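Undergrad: This is work-v8.cif (mmCIF, C-alpha atoms).
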data_protein
loop_
_atom_site.label_atom_id
_atom_site.label_comp_id
_atom_site.auth_asym_id
_atom_site.auth_seq_id
_atom_site.Cartn_x
_atom_site.Cartn_y
_atom_site.Cartn_z
CA MET A 659 -10.35 -25.45 10.24
CA GLU A 660 -10.59 -22.12 8.41
CA LYS A 661 -6.84 -22.08 8.06
CA GLU A 662 -6.78 -25.59 6.61
CA LYS A 663 -9.40 -24.58 4.05
CA PHE A 664 -7.33 -21.53 3.20
CA ILE A 665 -4.18 -23.62 2.80
CA GLU A 666 -6.07 -25.94 0.50
CA ILE A 667 -7.22 -23.04 -1.69
CA VAL A 668 -3.72 -21.57 -1.81
CA THR A 669 -2.25 -24.95 -2.73
CA THR A 670 -4.81 -25.48 -5.49
CA HIS A 671 -4.06 -22.07 -7.00
CA GLN A 672 -0.35 -21.90 -6.27
CA ASN A 673 0.44 -21.65 -10.01
CA LEU A 674 -1.46 -18.39 -10.24
CA LEU A 675 0.27 -16.85 -7.22
CA PHE A 676 3.65 -18.06 -8.42
CA LYS A 677 3.18 -16.37 -11.81
CA ILE A 678 2.07 -13.07 -10.26
CA CYS A 679 5.00 -12.99 -7.82
CA ASN A 680 7.47 -13.77 -10.60
CA SER A 681 6.00 -11.14 -12.89
CA TYR A 682 6.16 -8.35 -10.31
CA CYS A 683 9.45 -9.24 -8.70
CA SER A 684 12.40 -10.82 -10.42
CA ASN A 685 14.61 -10.77 -7.32
CA SER A 686 14.09 -13.98 -5.34
CA ASP A 687 14.73 -12.43 -1.90
CA TYR A 688 12.24 -9.63 -2.37
CA ARG A 689 9.81 -11.99 -4.05
CA LYS A 690 9.42 -13.74 -0.69
CA ASP A 691 8.20 -10.46 0.78
CA LEU A 692 5.63 -10.06 -1.95
CA GLU A 693 4.61 -13.70 -1.64
CA GLN A 694 4.00 -13.31 2.08
CA GLU A 695 2.17 -10.01 1.65
CA ILE A 696 -0.16 -11.55 -0.93
CA LEU A 697 -0.86 -14.53 1.34
CA LEU A 698 -1.67 -12.20 4.25
CA GLN A 699 -4.04 -10.13 2.16
CA LEU A 700 -5.71 -13.28 0.86
CA TRP A 701 -6.09 -14.56 4.41
CA ASN A 702 -7.55 -11.23 5.58
CA SER A 703 -10.08 -11.17 2.78
CA PHE A 704 -10.84 -14.88 3.09
CA VAL A 705 -13.56 -14.30 5.71
CA SER A 706 -15.38 -11.86 3.44
CA PHE A 707 -15.16 -14.11 0.37
CA ASP A 708 -18.79 -14.98 -0.32
CA GLY A 709 -18.39 -17.00 -3.51
CA ARG A 710 -20.18 -14.44 -5.66
CA VAL A 711 -17.16 -14.28 -7.95
CA LYS A 712 -15.02 -17.16 -9.16
CA ILE A 713 -12.30 -18.10 -6.71
CA THR A 714 -9.62 -17.42 -9.34
CA THR A 715 -11.06 -13.94 -9.92
CA TRP A 716 -10.94 -13.26 -6.18
CA ILE A 717 -7.33 -14.49 -5.95
CA TYR A 718 -6.31 -12.47 -9.01
CA ARG A 719 -7.94 -9.29 -7.70
CA ILE A 720 -6.33 -9.48 -4.25
CA ALA A 721 -2.95 -10.70 -5.47
CA LEU A 722 -2.66 -8.16 -8.29
CA ASN A 723 -3.79 -5.30 -6.05
CA THR A 724 -1.17 -6.26 -3.48
CA ALA A 725 1.56 -6.66 -6.10
CA ILE A 726 0.72 -3.27 -7.64
CA ALA A 727 0.56 -1.50 -4.27
CA HIS A 728 3.92 -2.94 -3.24
CA TYR A 729 5.54 -2.62 -6.60
CA ARG A 730 8.89 -0.92 -6.85
CA LYS A 731 10.90 -0.89 -10.05
CA ASP A 732 13.99 -2.10 -8.21
CA CYS A 733 11.93 -4.59 -6.18
CA LYS A 734 13.18 -3.06 -2.94
CA ARG A 735 11.34 -3.77 0.25
CA VAL A 736 8.66 -1.32 1.18
CA ASP A 737 8.45 -2.20 4.84
CA LYS A 738 10.51 -4.20 7.25
CA PRO A 739 11.90 -7.52 6.05
CA VAL A 740 9.76 -10.61 6.45
CA ASP A 741 10.60 -13.22 9.03
CA ILE A 742 10.65 -16.21 6.72
CA ASP A 743 13.71 -17.75 5.12
CA ASN A 744 12.07 -19.91 2.50
CA SER A 745 9.57 -19.36 -0.22
CA VAL A 746 6.11 -20.76 0.35
CA PHE A 747 6.04 -21.89 -3.27
CA PHE A 748 8.92 -23.75 -4.77
CA LEU A 749 9.58 -25.46 -8.04
CA PRO A 750 11.61 -28.66 -7.75
CA ASP A 751 13.86 -29.67 -10.63
CA PHE A 752 11.96 -31.65 -13.19
CA GLU A 753 12.19 -32.71 -16.80
CA TYR A 754 11.21 -29.74 -18.85
CA ASP A 755 10.97 -28.69 -22.45
CA SER A 756 13.93 -26.37 -23.03
CA GLN A 757 12.17 -24.61 -25.91
CA ILE A 758 9.22 -23.73 -23.72
CA ASP A 759 11.62 -22.71 -20.99
CA GLU A 760 13.28 -20.26 -23.36
CA LYS A 761 9.95 -18.81 -24.46
CA ILE A 762 8.82 -18.35 -20.87
CA ALA A 763 12.07 -16.59 -20.03
CA ILE A 764 11.45 -14.22 -22.96
CA LEU A 765 7.87 -13.63 -21.82
CA TYR A 766 8.96 -12.80 -18.28
CA LYS A 767 11.54 -10.38 -19.69
CA LEU A 768 8.85 -8.68 -21.76
CA ILE A 769 6.46 -8.52 -18.80
CA GLU A 770 9.21 -7.07 -16.63
CA LYS A 771 9.47 -4.07 -18.97
CA MET A 772 5.75 -3.30 -18.72
CA SER A 773 4.10 -0.82 -16.35
CA ARG A 774 2.57 -2.36 -13.22
CA LEU A 775 -0.97 -1.96 -14.59
CA ASP A 776 -0.10 -3.40 -18.00
CA LYS A 777 1.51 -6.37 -16.24
CA ALA A 778 -1.85 -7.14 -14.61
CA LEU A 779 -3.62 -6.92 -17.95
CA MET A 780 -1.00 -9.09 -19.63
CA LEU A 781 -1.20 -11.82 -16.98
CA LEU A 782 -4.97 -11.99 -17.28
CA TYR A 783 -4.71 -12.07 -21.07
CA LEU A 784 -2.12 -14.85 -21.00
CA ASP A 785 -4.36 -16.86 -18.69
CA ASN A 786 -7.14 -16.65 -21.29
CA TYR A 787 -9.49 -14.45 -19.33
CA LYS A 788 -12.34 -12.99 -21.37
CA HIS A 789 -12.37 -9.24 -21.97
CA LYS A 790 -15.46 -8.94 -19.79
CA GLU A 791 -13.73 -10.67 -16.86
CA ILE A 792 -10.55 -8.64 -17.31
CA ALA A 793 -12.64 -5.45 -17.39
CA SER A 794 -14.37 -6.43 -14.16
CA ILE A 795 -11.13 -7.30 -12.33
CA LEU A 796 -9.32 -4.18 -13.49
CA GLY A 797 -12.26 -1.79 -13.31
CA ILE A 798 -12.12 -0.48 -16.87
CA SER A 799 -14.49 -0.88 -19.80
CA GLU A 800 -14.43 -3.91 -22.10
CA SER A 801 -13.62 -1.77 -25.12
CA ASN A 802 -10.70 -0.28 -23.21
CA VAL A 803 -9.44 -3.78 -22.45
CA ALA A 804 -9.63 -4.65 -26.15
CA THR A 805 -7.78 -1.48 -27.14
CA LYS A 806 -5.07 -2.02 -24.56
CA ILE A 807 -4.58 -5.68 -25.45
CA GLY A 808 -4.30 -4.69 -29.12
CA ARG A 809 -1.68 -2.11 -28.24
CA ILE A 810 0.28 -4.50 -26.04
CA LYS A 811 0.22 -7.11 -28.81
CA GLU A 812 1.61 -4.57 -31.29
CA SER A 813 4.33 -3.56 -28.90
CA LEU A 814 5.22 -7.17 -28.10
CA LYS A 815 5.33 -8.09 -31.77
CA GLU A 816 8.01 -5.49 -32.27
CA GLN A 817 9.97 -6.61 -29.25
CA ILE A 818 9.65 -10.32 -30.08
CA SER A 819 11.25 -9.72 -33.45
CA ASN A 820 14.46 -8.89 -31.57
CA TYR A 821 14.64 -12.41 -30.15
CA MET B 1271 8.60 -16.12 -33.04
CA GLU B 1272 4.97 -14.99 -32.75
CA LEU B 1273 3.02 -13.81 -29.74
CA GLU B 1274 0.69 -16.78 -30.17
CA ASP B 1275 3.70 -19.12 -29.76
CA LEU B 1276 4.49 -17.42 -26.49
CA LYS B 1277 0.89 -17.64 -25.37
CA GLN B 1278 0.84 -21.36 -26.09
CA ALA B 1279 4.13 -21.77 -24.25
CA TRP B 1280 2.58 -19.89 -21.30
CA SER B 1281 -0.34 -22.27 -21.29
CA GLN B 1282 2.05 -25.24 -21.27
CA TYR B 1283 4.07 -23.56 -18.52
CA ASP B 1284 0.90 -23.17 -16.47
CA LYS B 1285 0.13 -26.88 -16.83
CA ASN B 1286 3.67 -27.74 -15.74
CA LEU B 1287 3.36 -25.45 -12.75
CA LYS B 1288 0.10 -27.08 -11.74
CA GLN B 1289 1.78 -30.49 -11.86
CA ASN B 1290 5.14 -29.67 -10.34
CA LEU B 1291 4.89 -26.61 -8.15
CA LYS B 1292 4.94 -27.37 -4.44
CA THR B 1293 3.53 -25.37 -1.57
CA ASN B 1294 5.38 -25.41 1.71
CA GLN B 1295 2.26 -26.08 3.74
CA GLU B 1296 4.20 -26.34 6.98
CA LEU B 1297 5.55 -22.84 6.49
CA LEU B 1298 2.10 -21.57 5.64
CA ARG B 1299 0.63 -23.25 8.70
CA ASN B 1300 3.26 -21.69 10.95
CA MET B 1301 2.82 -18.20 9.57
CA ASN B 1302 1.21 -16.03 12.21
CA LEU B 1303 -1.51 -14.75 9.93
CA ASP B 1304 -3.68 -13.26 12.67
CA LYS B 1305 -0.82 -11.29 14.20
CA SER B 1306 0.01 -9.96 10.76
CA LYS B 1307 -3.57 -8.83 10.34
CA ARG B 1308 -3.18 -6.64 13.42
CA GLU B 1309 0.10 -5.33 12.02
CA MET B 1310 -1.66 -4.33 8.83
CA GLN B 1311 -4.32 -2.42 10.72
CA LYS B 1312 -1.71 -0.42 12.62
CA PRO B 1313 -2.06 2.83 10.61
CA LEU B 1314 -5.81 2.92 11.24
CA ILE B 1315 -5.39 2.03 14.93
CA TYR B 1316 -2.74 4.76 15.22
CA GLU B 1317 -5.15 7.35 13.79
CA ILE B 1318 -8.01 6.20 16.05
CA ILE B 1319 -5.75 6.49 19.12
CA SER B 1320 -4.71 9.95 17.88
CA VAL B 1321 -8.35 11.01 17.70
CA VAL B 1322 -8.94 9.91 21.31
CA ILE B 1323 -5.75 11.54 22.66
CA LEU B 1324 -6.37 14.76 20.73
CA PHE B 1325 -9.95 14.92 21.94
CA LEU B 1326 -8.79 14.56 25.56
CA THR B 1327 -6.12 17.22 24.94
CA VAL B 1328 -8.78 19.61 23.63
CA VAL B 1329 -10.95 19.00 26.71
CA PHE B 1330 -7.96 19.41 29.05
CA PHE B 1331 -6.60 22.66 27.59
CA PHE B 1332 -10.03 24.13 26.94
CA GLY B 1333 -10.91 23.54 30.59
CA PHE B 1334 -7.74 25.20 31.85
CA SER B 1335 -8.07 28.10 29.42
CA LEU B 1336 -11.56 28.69 30.77
CA ARG B 1337 -10.26 28.50 34.32
CA PHE B 1338 -7.70 31.22 33.60
CA ILE B 1339 -9.95 33.19 31.26
CA SER B 1340 -9.45 36.42 33.19
CA GLU B 1341 -5.66 36.14 32.76
CA VAL B 1342 -5.30 36.76 29.05
CA LYS B 1343 -1.60 35.92 29.05
CA PHE B 1344 -2.65 32.31 29.74
CA SER B 1345 -6.10 32.06 28.22
CA ILE B 1346 -5.31 33.54 24.77
CA PRO B 1347 -2.37 31.20 24.04
CA GLY B 1348 -4.43 28.43 25.67
CA PHE B 1349 -7.38 28.93 23.32
CA THR B 1350 -4.97 29.28 20.39
CA GLY B 1351 -3.47 25.93 21.38
CA VAL B 1352 -6.95 24.42 21.61
CA LEU B 1353 -7.72 25.65 18.08
CA LEU B 1354 -4.50 24.08 16.80
CA VAL B 1355 -5.28 20.77 18.53
CA ILE B 1356 -8.77 20.90 16.99
CA MET B 1357 -7.05 21.20 13.60
CA TYR B 1358 -4.96 18.10 14.37
CA LEU B 1359 -8.12 16.36 15.54
CA THR B 1360 -9.92 17.27 12.31
CA PHE B 1361 -7.00 15.94 10.27
CA ALA B 1362 -7.02 12.67 12.21
CA ILE B 1363 -10.80 12.30 11.72
CA LEU B 1364 -10.39 12.99 7.98
CA LYS B 1365 -7.77 10.25 7.76
CA VAL B 1366 -9.85 7.73 9.74
CA ASN B 1367 -12.85 8.54 7.56
CA ARG B 1368 -10.84 7.86 4.38
CA PHE B 1369 -9.33 4.69 5.85
CA VAL B 1370 -12.66 3.11 6.72
CA LYS B 1371 -14.26 4.01 3.39
CA ILE B 1372 -11.76 1.96 1.40
CA GLU B 1373 -13.12 -1.40 0.30
CA TYR B 1374 -9.90 -3.35 0.31
CA TYR B 1375 -11.25 -6.66 -0.83
CA LYS B 1376 -14.21 -5.85 -3.02
CA SER B 1377 -12.96 -3.04 -5.25
CA SER B 1378 -11.57 -3.44 -8.72
CA ILE B 1379 -7.85 -2.89 -9.18
CA ILE B 1380 -8.22 0.63 -10.56
CA THR B 1381 -10.68 1.74 -7.86
CA LEU B 1382 -8.60 0.37 -5.00
CA GLN B 1383 -5.31 1.73 -6.32
CA LYS B 1384 -6.90 5.14 -6.82
CA ASP B 1385 -8.40 5.12 -3.30
CA LEU B 1386 -5.13 3.98 -1.73
CA ASN B 1387 -3.09 6.58 -3.53
CA MET B 1388 -5.55 9.36 -2.75
CA LEU B 1389 -5.39 8.34 0.90
CA LYS B 1390 -1.59 8.42 0.71
CA THR B 1391 -1.70 11.92 -0.83
CA LEU B 1392 -4.07 13.12 1.90
CA ILE B 1393 -1.88 11.68 4.68
CA LEU B 1394 1.29 13.18 3.23
CA ARG B 1395 -0.26 16.61 2.65
CA LEU B 1396 -1.69 16.70 6.17
CA ARG B 1397 1.65 15.60 7.61
CA LYS B 1398 3.28 18.57 5.93
CA ILE B 1399 0.80 20.94 7.57
CA GLU B 1400 1.08 19.14 10.91
CA LEU B 1401 4.83 19.56 10.82
CA TYR B 1402 4.49 23.33 10.38
CA LEU B 1403 1.82 23.62 13.07
CA LEU B 1404 3.76 21.68 15.70
CA PRO B 1405 6.10 24.49 16.87
CA LEU B 1406 3.16 26.90 17.08
CA LEU B 1407 1.26 24.35 19.12
CA ILE B 1408 4.15 23.83 21.54
CA ILE B 1409 4.63 27.57 22.03
CA SER B 1410 0.93 28.26 22.53
CA ILE B 1411 0.30 25.53 25.08
CA LEU B 1412 3.50 26.06 27.07
CA PRO B 1413 2.20 28.93 29.28
CA ILE B 1414 -1.11 27.26 30.14
CA ALA B 1415 0.51 23.84 30.56
CA PHE B 1416 3.12 25.14 33.02
CA LYS B 1417 0.51 27.15 34.89
CA ALA B 1418 -2.03 24.34 35.06
CA ILE B 1419 0.29 21.43 35.80
CA HIS B 1420 3.13 22.99 37.83
CA ASN B 1421 1.59 26.34 38.80
CA ILE B 1422 4.57 28.08 37.21
CA ASP B 1423 4.18 31.42 35.46
CA ILE B 1424 6.43 31.03 32.44
CA TYR B 1425 6.31 34.82 31.84
CA ASN B 1426 8.15 35.52 35.07
CA ASN B 1427 11.34 35.16 33.11
CA VAL B 1428 10.41 36.85 29.83
CA LYS B 1429 13.93 36.62 28.44
CA LEU B 1430 14.04 32.85 28.95
CA PHE B 1431 10.57 32.45 27.47
CA LEU B 1432 11.48 34.50 24.38
CA LEU B 1433 14.70 32.55 24.03
CA GLU B 1434 12.72 29.32 24.05
CA VAL B 1435 10.31 30.69 21.45
CA VAL B 1436 13.13 31.84 19.17
CA PHE B 1437 14.92 28.51 19.66
CA ILE B 1438 11.82 26.42 18.89
CA LEU B 1439 10.88 28.48 15.82
CA GLY B 1440 14.47 28.88 14.63
CA ILE B 1441 15.16 25.16 14.70
CA SER B 1442 11.81 23.66 13.81
CA TYR B 1443 10.93 25.69 10.71
CA PRO B 1444 14.15 25.12 8.76
CA VAL B 1445 14.07 21.42 9.78
CA GLY B 1446 10.36 21.17 8.89
CA PHE B 1447 10.97 22.86 5.56
CA TRP B 1448 13.84 20.49 4.82
CA ILE B 1449 11.79 17.40 5.75
CA ASN B 1450 8.83 18.57 3.68
CA LYS B 1451 10.99 19.32 0.66
CA HIS B 1452 13.14 16.20 0.70
CA LEU B 1453 10.77 13.62 2.12
CA TYR B 1454 7.09 14.45 1.79
CA ASP B 1455 7.28 16.41 -1.48
CA ASN B 1456 9.16 13.54 -3.13
CA LYS B 1457 6.68 11.01 -1.83
CA ILE B 1458 3.74 13.14 -3.00
CA LYS B 1459 5.40 13.42 -6.43
CA ASP B 1460 5.65 9.62 -6.69
CA VAL B 1461 2.04 9.11 -5.62
CA LYS B 1462 0.82 11.78 -8.06
CA SER B 1463 2.78 10.20 -10.86
CA PHE B 1464 1.12 6.83 -10.19
CA LEU B 1465 -2.31 8.49 -10.01
CA GLU B 1466 -1.60 9.96 -13.46
CA GLU B 1467 -0.59 6.49 -14.65
CA ILE B 1468 -3.93 5.14 -13.36
CA ASP B 1469 -5.86 7.96 -15.07
CA ASN B 1470 -4.12 7.27 -18.36
CA PHE B 1471 -4.81 3.57 -18.00
CA GLU B 1472 -8.50 4.31 -17.46
CA LYS B 1473 -8.74 6.51 -20.52
CA GLU B 1474 -9.97 4.91 -23.70
CA ASN B 1475 -7.59 6.18 -26.31
#
Render the structure in this file as structure tokens.
TA:
Amino acid sequence: MEKEKFIEIVTTHQNLLFKICNSYCSNSDYRKDLEQEILLQLWNSFVSFDGRVKITTWIYRIALNTAIAHYRKDCKRVDKPVDIDNSVFFLPDFEYDSQIDEKIAILYKLIEKMSRLDKALMLLYLDNYKHKEIASILGISESNVATKIGRIKESLKEQISNY
Amino acid sequence: MELEDLKQAWSQYDKNLKQNLKTNQELLRNMNLDKSKREMQKPLIYEIISVVILFLTVVFFFGFSLRFISEVKFSIPGFTGVLLVIMYLTFAILKVNRFVKIEYYKSSIITLQKDLNMLKTLILRLRKIELYLLPLLIISILPIAFKAIHNIDIYNNVKLFLLEVVFILGISYPVGFWINKHLYDNKIKDVKSFLEEIDNFEKEN
């Protein structure tokens, strides 16, 4: 019963988990490791989730913490390989806007170049989280969030001009 | 292209993901999540078992050292060994204490990453010390262990005993030094560098 409820939550918020995994690991094989690790951590913390924070905030906090802890620049496995062959999340082929596709590819490239902590900030910013919420998830002050977002924007502006 | 364009595209991308992304529920259902939970707790379980074993070792060797207290050739190395095991025991308790204090699922990202990396630094630093203490521990408990378990006086053949001591020290210290330099020091460097990254991220500048 608990597991079914968990699966339902994961399915509802699969988009969020998919974006985090893609942002922290561009290699599809190693991404499966990260995907599984995040799911395990979510499952472990599921019993202690008391609903005091929004479910998306809880997912973000656990998933980002796991991604940061397991982050390697070359996306190499930290521990032993996982025992699954397929990804839990998959994106079937569908009609898509090629212009948006191109922009998303650029965004992922820009995110890939960021430090693991800036990646977390960027993902929360892109998902329209308020500064207060970002500050609470990351554990820094609101003014610091604003400063960092401003700096990231400046840096991105420069990099975007190259595309 | 502006950042706002990209942000809008991201929002559209998110909507598309919500509509089209699939979750392999069968795979998720078949994942042995509970077994994996035990796997994840392995480091803590390992340290707890270490505490128990080390405590029993202290009791065992302290008892035998007391029994042979009048024979200083056994009791002095015996008590030295006990002191070294107490050091190992203290290290293990320190690690367990740090492990259990970490709030894995309630802390903010910065707090948890800091705690995890400080725990890693502690473990690595203690491992370095443990590696250097190990040969001393082996040498100090050998006489009392042989006497207590097999009733053999290891000093009967002084030459052989000294040869063993020289062999253990001669091999273990260069190897320990090499391991510390090439494995633990590098790992500590990486952890420290990430801790610096976290500190800089926390700073408002």
Undergrad: Measuring between all atoms listed in the file, which one of B:Glu1373, B:Ile1379, B:Leu1276, B:Pro1413 shows the shortest distance to Leu779 (chain A)?
TA: B:Ile1379
Undergrad: Find the residue from A:Asn673, A:Asn680, A:Thr714, A:Ser745 that sits nearest to Tyr787 (chain A); use only C-alpha atoms when measuring.
TA: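 The shortest atom-to-atom distance to Tyr787 (chain A) comes from A:Thr714.
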Undergrad: Could you name the residues that touch Val1322 (chain B) at 12 Å or less, counting all atoms listed in the file, but leaving out those on the same chain fewer than 2 positions away, as a list in words?
TA: Ile1315, Tyr1316, Glu1317, Ile1318, Ile1319, Ser1320, Leu1324, Phe1325, Leu1326, Thr1327, Val1328, Val1329, Val1355, Ile1356, Tyr1358, Leu1359, Thr1360, Ala1362, Ile1363 and Val1366 of chain B
Undergrad: What would the selection look like, as a PyMOL selection string, if the PyMOL selection byres ((chain B) within 10 of (chain A)) were run on the coordinates I just shared?
TA: chain B and resi 1271-1299+1301-1304+1306-1307+1310+1374-1383+1386-1387+1464+1467-1468+1471-1475
Undergrad: When you draw a straight line from CA of Cys679 (chain A) to CA of Leu768 (chain A), how long is it in Å?
TA: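 It comes out at 15.1 Å.
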Undergrad: Which residues would end up in the selection if the PyMOL selection byres ((chain B and resi 1394) around 12) were applied here, given that I need the answer as a list in words?
TA: Phe1361, Lys1365, Asn1387, Met1388, Leu1389, Lys1390, Thr1391, Leu1392, Ile1393, Arg1395, Leu1396, Arg1397, Lys1398, Ile1399, Glu1400, Leu1401, Ile1449, Asn1450, Lys1451, Leu1453, Tyr1454, Asp1455, Asn1456, Lys1457, Ile1458, Lys1459, Asp1460, Val1461 and Lys1462 of chain B
Undergrad: Return as a ChimeraX atom specification the set of residues that the PyMOL selection byres ((chain B and resi 1415) around 12) yields on the displayed structure.
TA: /B:1327,1330-1335,1338,1344-1345,1347-1349,1351-1352,1407-1414,1416-1424
Undergrad: Point out the residue among A:Ser681, A:Ser686, A:Thr715, A:Ser813 with the least atom-to-atom distance to Lys767 (chain A), counting all atoms listed in the file.
TA: A:Ser681
